[in-house]
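Trainee: This is work15.txt (compact mmCIF, C-alpha atoms and all ligand atoms).
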```txt
# COMPACT_ATOMS: atom_id res chain seq x y z
CA MET X 1 84.60 65.64 90.26
CA ARG X 2 87.45 67.97 89.35
CA THR X 3 90.35 66.36 91.15
CA ARG X 4 92.38 63.21 90.89
CA ASP X 5 92.06 62.68 94.66
CA LYS X 6 89.19 60.25 95.05
CA GLN X 7 88.53 61.24 98.66
CA VAL X 8 87.87 64.87 97.86
CA THR X 9 85.22 66.09 95.49
CA PHE X 10 84.83 69.66 94.26
CA ASP X 11 81.38 69.62 92.74
CA GLU X 12 80.75 72.58 95.05
CA PRO X 13 83.26 75.43 95.39
CA ARG X 14 85.36 75.03 98.54
CA PHE X 15 84.63 78.55 99.77
CA LYS X 16 81.09 79.58 100.64
CA ALA X 17 80.01 83.10 99.70
CA LEU X 18 80.04 85.87 102.30
CA ALA X 19 76.86 87.95 102.63
CA ILE X 20 77.13 91.52 103.94
CA GLY X 21 73.70 93.16 103.82
CA PRO X 22 72.64 92.93 100.17
CA LEU X 23 76.18 92.12 98.98
CA THR X 24 77.33 88.65 98.05
CA ILE X 25 81.10 88.26 98.16
CA ASP X 26 82.15 85.09 96.38
CA PRO X 27 84.72 83.83 97.06
CA PRO X 28 84.77 85.44 100.50
CA VAL X 29 88.44 86.43 100.53
CA VAL X 30 88.72 90.21 100.59
CA LEU X 31 91.52 92.76 100.37
CA ALA X 32 92.26 94.52 103.69
CA PRO X 33 92.37 98.31 103.86
CA MET X 34 96.02 99.39 103.95
CA ALA X 35 97.06 103.03 104.24
CA GLY X 36 99.45 103.97 101.46
CA TYR X 37 98.70 100.79 99.50
CA THR X 38 95.03 100.24 98.73
CA ARG X 39 94.69 103.06 96.23
CA ALA X 40 92.73 102.55 93.03
CA PRO X 41 95.64 101.19 90.93
CA PHE X 42 96.31 98.30 93.30
CA ARG X 43 92.64 97.70 94.03
CA VAL X 44 91.88 97.45 90.31
CA ILE X 45 94.59 94.82 89.84
CA CYS X 46 93.30 92.77 92.77
CA GLN X 47 89.78 93.00 91.36
CA GLN X 48 91.02 91.93 87.92
CA MET X 49 92.53 88.90 89.64
CA GLY X 50 89.14 88.00 91.12
CA CYS X 51 88.98 89.80 94.48
CA ARG X 52 85.32 90.60 95.13
CA LEU X 53 85.59 93.19 97.91
CA VAL X 54 88.15 95.94 98.37
CA TYR X 55 88.37 99.01 100.62
CA THR X 56 89.75 102.49 100.18
CA GLU X 57 92.57 103.76 102.32
CA MET X 58 91.60 105.13 105.72
CA VAL X 59 90.02 108.61 105.67
CA THR X 60 88.98 110.91 108.48
CA ALA X 61 85.23 111.23 109.02
CA GLU X 62 85.81 114.85 109.96
CA GLY X 63 87.41 115.58 106.57
CA VAL X 64 84.69 113.68 104.70
CA SER X 65 81.89 115.47 106.53
CA ARG X 66 83.46 118.82 105.50
CA ARG X 67 84.15 117.46 101.98
CA SER X 68 87.74 118.60 102.39
CA PRO X 69 89.49 118.19 98.98
CA PRO X 70 92.66 116.48 100.31
CA THR X 71 90.45 113.92 102.10
CA MET X 72 87.98 113.47 99.27
CA ARG X 73 90.69 112.49 96.81
CA TYR X 74 91.14 109.28 98.83
CA LEU X 75 87.58 108.45 97.88
CA ASP X 76 88.24 108.54 94.13
CA ILE X 77 87.67 105.19 92.53
CA ALA X 78 88.46 103.88 89.06
CA PRO X 79 85.69 103.16 86.54
CA GLY X 80 84.13 99.75 87.11
CA GLU X 81 85.48 99.22 90.62
CA GLY X 82 83.29 97.37 93.09
CA PRO X 83 82.03 96.10 95.34
CA ILE X 84 84.08 98.60 97.32
CA GLY X 85 83.91 99.90 100.87
CA THR X 86 85.20 103.12 102.34
CA HIS X 87 87.22 102.86 105.54
CA ILE X 88 86.74 105.80 107.89
CA TYR X 89 87.95 106.77 111.32
CA GLY X 90 86.58 109.13 113.91
CA VAL X 91 85.09 109.22 117.37
CA ASP X 92 82.14 111.60 117.22
CA PRO X 93 78.89 109.79 116.30
CA ASP X 94 77.45 112.92 114.62
CA ALA X 95 80.54 113.46 112.46
CA MET X 96 80.61 109.75 111.56
CA ALA X 97 76.91 109.89 110.63
CA LYS X 98 77.48 113.01 108.53
CA ALA X 99 80.42 111.31 106.81
CA ALA X 100 78.21 108.30 106.09
CA GLU X 101 75.66 110.59 104.43
CA VAL X 102 78.34 112.23 102.29
CA ILE X 103 79.76 108.85 101.31
CA GLU X 104 76.38 107.50 100.30
CA SER X 105 75.68 110.66 98.28
CA LEU X 106 78.77 109.95 96.16
CA GLY X 107 76.92 106.90 94.83
CA ARG X 108 80.04 104.84 94.33
CA PHE X 109 80.42 102.80 97.50
CA ASP X 110 78.84 99.54 98.61
CA LEU X 111 79.58 99.70 102.34
CA ILE X 112 81.17 101.90 104.99
CA ASP X 113 83.72 100.39 107.33
CA VAL X 114 84.70 101.93 110.68
CA ASN X 115 88.33 101.74 111.74
CA CYS X 116 88.55 100.37 115.26
CA GLY X 117 92.03 98.88 115.03
CA CYS X 118 94.55 101.52 113.98
CA PRO X 119 97.23 101.95 116.67
CA VAL X 120 98.87 105.06 115.15
CA PRO X 121 99.04 107.88 117.75
CA LYS X 122 97.77 110.49 115.26
CA VAL X 123 94.50 108.50 115.26
CA THR X 124 94.33 107.12 118.81
CA ARG X 125 95.16 110.48 120.45
CA LYS X 126 91.71 111.64 119.38
CA GLY X 127 90.09 108.48 120.78
CA ALA X 128 89.63 106.93 117.32
CA GLY X 129 91.09 103.77 115.74
CA VAL X 130 91.92 101.09 118.29
CA ALA X 131 91.28 103.57 121.14
CA LEU X 132 87.58 103.00 120.40
CA MET X 133 88.02 99.49 121.82
CA ARG X 134 88.28 101.17 125.20
CA GLN X 135 84.83 102.68 124.68
CA PRO X 136 82.47 99.97 123.37
CA GLU X 137 79.43 102.12 124.20
CA THR X 138 80.76 105.00 122.07
CA LEU X 139 81.43 102.52 119.29
CA ARG X 140 77.86 101.24 119.56
CA ARG X 141 76.56 104.80 119.32
CA ILE X 142 78.79 105.53 116.31
CA VAL X 143 77.54 102.46 114.46
CA ALA X 144 73.91 103.19 115.39
CA ALA X 145 74.21 106.82 114.22
CA MET X 146 75.75 105.72 110.93
CA VAL X 147 73.12 103.02 110.37
CA GLN X 148 70.45 105.72 110.89
CA ALA X 149 72.19 108.05 108.42
CA THR X 150 72.79 105.68 105.52
CA SER X 151 71.19 102.78 103.72
CA LEU X 152 74.64 101.32 102.99
CA PRO X 153 75.83 98.44 105.18
CA VAL X 154 78.02 99.66 108.04
CA THR X 155 80.84 97.35 109.14
CA VAL X 156 83.65 97.58 111.70
CA LYS X 157 87.26 96.42 111.53
CA THR X 158 88.83 95.79 114.91
CA ARG X 159 91.43 93.77 116.82
CA LEU X 160 91.51 91.38 119.77
CA GLY X 161 92.14 94.24 122.14
CA VAL X 162 94.42 97.15 122.84
CA SER X 163 96.89 94.80 124.55
CA ARG X 164 97.08 91.23 125.85
CA GLU X 165 95.94 92.53 129.22
CA GLN X 166 92.88 94.13 127.63
CA CYS X 167 91.41 91.42 125.39
CA ASN X 168 87.83 92.67 125.02
CA VAL X 169 87.01 91.75 121.43
CA SER X 170 83.88 89.87 122.57
CA GLU X 171 82.53 92.97 124.28
CA VAL X 172 83.42 95.14 121.28
CA ALA X 173 81.81 92.71 118.82
CA HIS X 174 78.67 92.69 120.97
CA ALA X 175 78.54 96.52 120.85
CA VAL X 176 79.09 96.47 117.08
CA GLU X 177 76.21 94.05 116.56
CA GLU X 178 73.97 95.97 118.97
CA GLY X 179 74.66 99.15 117.00
CA GLY X 180 73.30 97.46 113.88
CA ALA X 181 76.48 96.70 111.93
CA ALA X 182 76.21 94.33 108.96
CA ALA X 183 79.52 92.57 109.65
CA ILE X 184 82.69 92.74 111.73
CA ALA X 185 86.26 92.10 110.59
CA ILE X 186 88.72 91.04 113.27
CA HIS X 187 92.48 91.31 112.91
CA ALA X 188 93.29 88.53 115.37
CA ARG X 189 96.22 90.31 117.00
CA PHE X 190 96.54 92.94 119.72
CA ALA X 191 97.28 96.56 118.93
CA THR X 192 100.52 96.30 120.91
CA ASP X 193 101.63 93.58 118.45
CA ARG X 194 101.04 95.92 115.49
CA HIS X 195 101.17 93.53 112.52
CA ALA X 196 103.50 90.94 114.01
CA GLY X 197 102.99 88.06 116.39
CA SER X 198 100.77 85.05 116.30
CA VAL X 199 97.17 85.13 115.14
CA ASP X 200 94.67 83.88 117.71
CA LEU X 201 92.33 81.57 115.79
CA ALA X 202 90.63 80.44 119.02
CA ALA X 203 89.51 84.02 119.64
CA LEU X 204 88.08 84.25 116.11
CA LYS X 205 86.22 80.99 116.68
CA ARG X 206 84.84 82.27 119.98
CA VAL X 207 83.57 85.57 118.54
CA LYS X 208 82.06 83.79 115.54
CA ALA X 209 80.15 81.48 117.92
CA GLU X 210 78.99 84.43 120.04
CA ARG X 211 77.73 86.68 117.23
CA GLY X 212 74.90 86.59 114.72
CA ILE X 213 76.44 88.98 112.19
CA PRO X 214 79.05 87.78 109.68
CA VAL X 215 82.59 87.67 111.05
CA ILE X 216 85.59 88.19 108.78
CA GLY X 217 88.89 86.82 110.07
CA ASN X 218 92.16 88.60 109.37
CA GLY X 219 95.84 88.04 110.06
CA GLY X 220 98.70 86.08 108.56
CA VAL X 221 96.90 84.73 105.49
CA THR X 222 99.27 84.47 102.51
CA SER X 223 97.73 81.69 100.39
CA PRO X 224 94.35 80.20 99.46
CA GLN X 225 95.15 77.28 101.74
CA ASP X 226 95.71 79.67 104.68
CA ALA X 227 92.36 81.33 103.99
CA PHE X 228 90.62 77.99 103.78
CA ALA X 229 92.29 76.77 106.99
CA MET X 230 91.22 79.94 108.84
CA GLN X 231 87.65 79.40 107.74
CA GLN X 232 87.70 75.69 108.58
CA LYS X 233 89.26 76.15 112.01
CA THR X 234 87.19 79.11 113.16
CA GLY X 235 83.97 79.06 111.14
CA VAL X 236 84.41 82.70 110.10
CA ASP X 237 82.26 83.81 107.18
CA GLY X 238 85.02 85.59 105.31
CA VAL X 239 88.76 86.08 105.30
CA MET X 240 90.62 89.36 104.85
CA VAL X 241 94.12 89.45 103.38
CA GLY X 242 96.55 92.31 103.94
CA ARG X 243 100.27 91.90 103.31
CA GLY X 244 99.77 88.53 101.63
CA ALA X 245 98.35 90.39 98.64
CA LEU X 246 101.08 93.03 98.44
CA GLY X 247 103.31 92.14 95.49
CA ASN X 248 101.07 89.10 94.99
CA PRO X 249 97.64 90.13 93.69
CA TRP X 250 97.67 86.74 91.91
CA LEU X 251 96.69 85.33 95.29
CA PHE X 252 93.10 86.25 94.45
CA ARG X 253 93.25 84.37 91.15
CA ASP X 254 94.57 81.36 93.03
CA VAL X 255 91.81 81.69 95.64
CA ASN X 256 89.26 81.28 92.85
CA ARG X 257 91.22 78.40 91.33
CA PHE X 258 91.67 76.70 94.69
CA SER X 259 87.97 77.05 95.39
CA ASN X 260 87.21 75.24 92.14
CA GLY X 261 89.80 72.52 92.72
CA GLU X 262 92.11 73.88 90.02
CA SER X 263 95.90 74.15 90.12
CA PRO X 264 97.47 77.47 91.08
CA ALA X 265 98.59 79.71 88.23
CA PRO X 266 101.72 81.54 89.37
CA PRO X 267 102.46 84.61 87.25
CA THR X 268 104.96 84.35 84.43
CA ASP X 269 107.69 86.99 84.33
CA ALA X 270 105.86 88.67 81.44
CA GLU X 271 102.70 88.83 83.51
CA ARG X 272 104.51 90.17 86.56
CA ARG X 273 106.08 92.84 84.39
CA ALA X 274 102.74 93.74 82.81
CA VAL X 275 101.08 94.10 86.22
CA ILE X 276 103.92 96.25 87.57
CA ALA X 277 103.74 98.45 84.46
CA GLN X 278 99.94 98.76 84.69
CA HIS X 279 100.14 99.61 88.39
CA LEU X 280 102.79 102.30 87.98
CA GLU X 281 101.17 103.86 84.91
CA HIS X 282 97.77 104.00 86.64
CA LEU X 283 99.35 105.51 89.76
CA TYR X 284 100.95 108.16 87.57
CA GLN X 285 97.55 108.98 86.04
CA VAL X 286 95.98 109.23 89.51
CA VAL X 287 98.72 111.57 90.74
CA ALA X 288 98.52 113.68 87.57
CA GLU X 289 94.79 114.05 88.18
CA TRP X 290 95.38 115.16 91.80
CA GLU X 291 97.93 117.68 90.62
CA LYS X 292 95.26 119.45 88.61
CA THR X 293 93.41 120.44 91.79
CA LEU X 294 96.21 120.34 94.39
CA PRO X 295 99.37 121.30 92.50
CA ASN X 296 102.71 120.13 93.86
CA ARG X 297 105.34 122.42 92.35
CA LYS X 298 108.33 120.69 93.91
CA TYR X 299 108.07 117.37 92.05
CA THR X 300 106.54 116.27 88.78
CA SER X 301 103.60 113.84 88.82
CA GLU X 302 105.90 111.15 87.45
CA GLN X 303 108.40 111.67 90.27
CA VAL X 304 105.65 111.56 92.89
CA ALA X 305 104.17 108.38 91.36
CA CYS X 306 107.56 106.65 91.22
CA ARG X 307 108.20 107.53 94.87
CA MET X 308 104.76 106.36 95.93
CA PHE X 309 105.31 103.12 94.05
CA ARG X 310 108.47 102.14 95.96
CA GLY X 311 106.70 100.17 98.68
CA HIS X 312 104.75 98.16 96.12
CA LEU X 313 107.86 97.61 94.02
CA SER X 314 109.70 96.10 96.98
CA TYR X 315 106.83 93.66 97.43
CA TYR X 316 106.59 92.79 93.72
CA LEU X 317 110.28 91.92 93.57
CA ALA X 318 110.67 90.48 97.08
CA GLY X 319 112.89 87.45 97.32
CA MET X 320 114.29 87.72 93.80
CA ARG X 321 117.99 87.34 93.12
CA GLY X 322 119.88 90.56 92.55
CA VAL X 323 117.18 92.73 94.07
CA ARG X 324 119.25 93.71 97.08
CA GLN X 325 122.02 95.10 94.90
CA LEU X 326 119.59 96.82 92.58
CA LYS X 327 117.21 98.06 95.22
CA LYS X 328 119.14 101.16 96.23
CA ARG X 329 119.37 102.25 92.61
CA LEU X 330 115.81 101.25 91.87
CA MET X 331 114.54 103.20 94.82
CA LYS X 332 116.14 106.38 93.47
CA MET X 333 114.62 106.05 90.02
CA GLU X 334 112.07 108.75 89.33
CA SER X 335 110.83 108.08 85.82
CA ILE X 336 108.57 105.24 84.74
CA GLU X 337 111.05 104.32 82.03
CA ALA X 338 113.92 104.02 84.52
CA VAL X 339 111.85 102.00 87.00
CA MET X 340 110.73 99.58 84.30
CA ALA X 341 114.32 99.22 83.05
CA GLY X 342 115.32 98.30 86.62
CA VAL X 343 112.45 95.82 86.84
CA ASP X 344 113.55 94.26 83.54
CA GLU X 345 117.05 93.87 84.88
CA VAL X 346 115.77 92.04 87.99
CA LEU X 347 113.48 89.82 85.94
CA ARG X 348 116.30 88.97 83.50
CA THR X 349 118.56 88.04 86.42
CA ASN X 350 115.86 85.73 87.75
CA ALA X 351 114.62 84.34 84.44
CA SER X 352 116.42 81.04 84.95
CA ASP X 353 114.50 80.55 88.22
CA GLY X 354 111.15 80.58 86.40
CA ALA X 355 110.69 76.84 86.33
CA SER X 356 111.37 76.46 90.04
CA ARG X 357 108.63 78.99 90.85
CA GLN X 358 105.95 76.74 89.35
CA SER X 359 103.88 75.28 92.18
CA ALA X 360 102.29 71.89 92.64
CA PRO X 361 98.55 71.51 92.04
CA TYR X 362 96.15 72.10 94.92
CA LEU X 363 94.92 68.90 96.50
C1 LIG X 401 100.99 99.22 105.30
C2 LIG X 401 99.77 98.83 106.09
C3 LIG X 401 98.76 99.76 106.25
C4 LIG X 401 97.62 99.42 106.97
N1 LIG X 401 96.62 100.33 107.12
C5 LIG X 401 95.48 99.98 107.78
C6 LIG X 401 94.39 100.88 107.90
O1 LIG X 401 94.42 102.00 107.42
N2 LIG X 401 93.29 100.46 108.58
C7 LIG X 401 93.21 99.22 109.16
O2 LIG X 401 92.19 98.88 109.77
N3 LIG X 401 94.24 98.36 109.06
C8 LIG X 401 95.35 98.70 108.39
N4 LIG X 401 96.37 97.82 108.26
C9 LIG X 401 96.20 96.48 108.84
C10 LIG X 401 95.69 95.50 107.78
O3 LIG X 401 94.43 95.89 107.30
C11 LIG X 401 95.61 94.09 108.37
O4 LIG X 401 94.68 94.11 109.42
C12 LIG X 401 96.96 93.62 108.90
O5 LIG X 401 97.98 93.86 107.96
C13 LIG X 401 96.89 92.13 109.25
O6 LIG X 401 96.62 91.37 108.10
P1 LIG X 401 97.79 90.57 107.35
O7 LIG X 401 98.49 89.72 108.39
O8 LIG X 401 97.04 89.77 106.30
O9 LIG X 401 98.72 91.58 106.75
C14 LIG X 401 97.51 98.13 107.55
C15 LIG X 401 98.53 97.22 107.37
C16 LIG X 401 99.65 97.54 106.64
C17 LIG X 401 100.73 96.50 106.45
```
Show this structure as structure tokens.
Mentor:
Amino acid sequence: MRTRDKQVTFDEPRFKALAIGPLTIDPPVVLAPMAGYTRAPFRVICQQMGCRLVYTEMVTAEGVSRRSPPTMRYLDIAPGEGPIGTHIYGVDPDAMAKAAEVIESLGRFDLIDVNCGCPVPKVTRKGAGVALMRQPETLRRIVAAMVQATSLPVTVKTRLGVSREQCNVSEVAHAVEEGGAAAIAIHARFATDRHAGSVDLAALKRVKAERGIPVIGNGGVTSPQDAFAMQQKTGVDGVMVGRGALGNPWLFRDVNRFSNGESPAPPTDAERRAVIAQHLEHLYQVVAEWEKTLPNRKYTSEQVACRMFRGHLSYYLAGMRGVRQLKKRLMKMESIEAVMAGVDEVLRTNASDGASRQSAPYL
């Protein structure tokens, strides 16, 4: 027994492992694919914190099947990463199958995930992303063609429907399973809600009851307790976390601790600084590597990395005192040294708050 609460015992971890084909994901709380965010530097940090499944950013199947260099660079991974899935979009079963072959031939991925939830017009105009929800039969054929083309598990990430008036996630999940997918992830919101609005746990519970393949629930999870509650209330096999991990990769460490009945371990300021520095430095190295093959003469690699880092930086420092005043300046900083000096200033301003950020133990 690892807790003082006599009514609750933790001889077994609280979370049960998620199985996707041959993969065992334990604990079953995974990092969502997020365009512009889930590049190698952030993925590596989440994995260091104990996240057992991550995805690349979204890539076009068309570009992958042609091995187009600007597309292929999104499939670069850091040494030691994994398990890791690619996250591809497209609408043509043959192109998706060809992309699956190319991805498998790279020998670095553990699964291939199909985007069936992106509402961005650039994607939906072509019938891909969430527009595929309007064509469950095409989606079934895409999955079946990919399953034929690769030995890697094929999964699908989708939503509840295109809009409240078109809630067809059950039909879509049926098509996905019929096609031979190894799992389905459901962002329990409608495409018209983008990333806002309430998460429909009843719908997750319904699809989980209807399907035989593992179901991964997604939406609004920002703590281990949220993930646990989603699993308890819906029976989903896994939980996917998006924005809750941005600026807070420590969430994955706490998921592991929570599962074992241990207290959370919020980051110290020194740790937060070290993670920010690691993230930015790694991003710089990634950009510098890209520049060797696709040179950008307008900006230096350091400038590009600092610009690309801005979104993450906002998340890392969110809610801290003095950030608002500093943010404008911070967001114009284009050298790693200047960014880190700005970060130090924010952390110094907030140092006295350290004690109040300590959380209570998990019960
Ligand atoms: C910046 C950003 C980029 C995203 N990019 C993708 C994407 O490329 N593919 C996808 O399926 N979902 C994408 N999403 C949606 C997330 O994967 C996730 O489904 C959504 O954020 C809901 O989870 P959350 O409430 O935990 O954030 C993105 C979300 C954000 C915030």
Trainee: For region 246-262 of chain X, I'd like the enclosing box, axis-aligned and padded by 6 Å on every side, reported as lines of an AutoDock Vina configuration file with centre and edge lengths in Å to one decimal.
Mentor:
```
center_x = 95.3
center_y = 82.8
center_z = 94.2
size_x = 28.1
size_y = 32.5
size_z = 20.4
```
Trainee: Extract, using only C-alpha atoms, all DNA, RNA and protein residues at most 9 Å from region 208-215 of chain X, discarding same-chain residues fewer than 4 positions from it, and format them as a list in words.
Mentor: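 The contact residues come out as Leu18, Ala19, Ile20, Ser170, Ala173, His174, Glu177, Ala181, Ala182, Ala183, Ile184, Ala185, Ile186, Ala203, Leu204, Thr234, Gly235, Val236, Asp237, Gly238 and Val239 of chain X.
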Trainee: Check the smallest atom-to-atom distance from each of X:Ala144, X:Ile88, X:Val29, X:Ala40 to Leu283 (chain X) using only C-alpha atoms, then report the winner.
Mentor: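 Going through X:Ala144, X:Ile88, X:Val29, X:Ala40 one by one, the smallest distance to Leu283 (chain X) is for X:Ala40.
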Trainee: Using only C-alpha atoms and all ligand atoms, what are the residues with an atom within 10 Å of ligand LIG 401 (chain X), set out as number ranges by chain?
Mentor: X: 31-38, 55-59, 87-89, 113-120, 129-130, 156-159, 185-189, 194-199, 217-222, 227, 239-246, 311-312
Trainee: Which of these, X:Pro136, X:Gly180, X:Gly261, X:Pro267, has the shortest distance to Pro249 (chain X) once you count only C-alpha atoms?
Mentor: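 Checking each of X:Pro136, X:Gly180, X:Gly261, X:Pro267 against Pro249 (chain X), counting only C-alpha atoms, the winner is X:Pro267.
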Trainee: Quick check, in Å to one decimal: how far apart do CA of Ile25 (chain X) and CA of Asn248 (chain X) lie?
Mentor: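 So the two atoms, CA of Ile25 (chain X) and CA of Asn248 (chain X), lie 20.2 Å apart.
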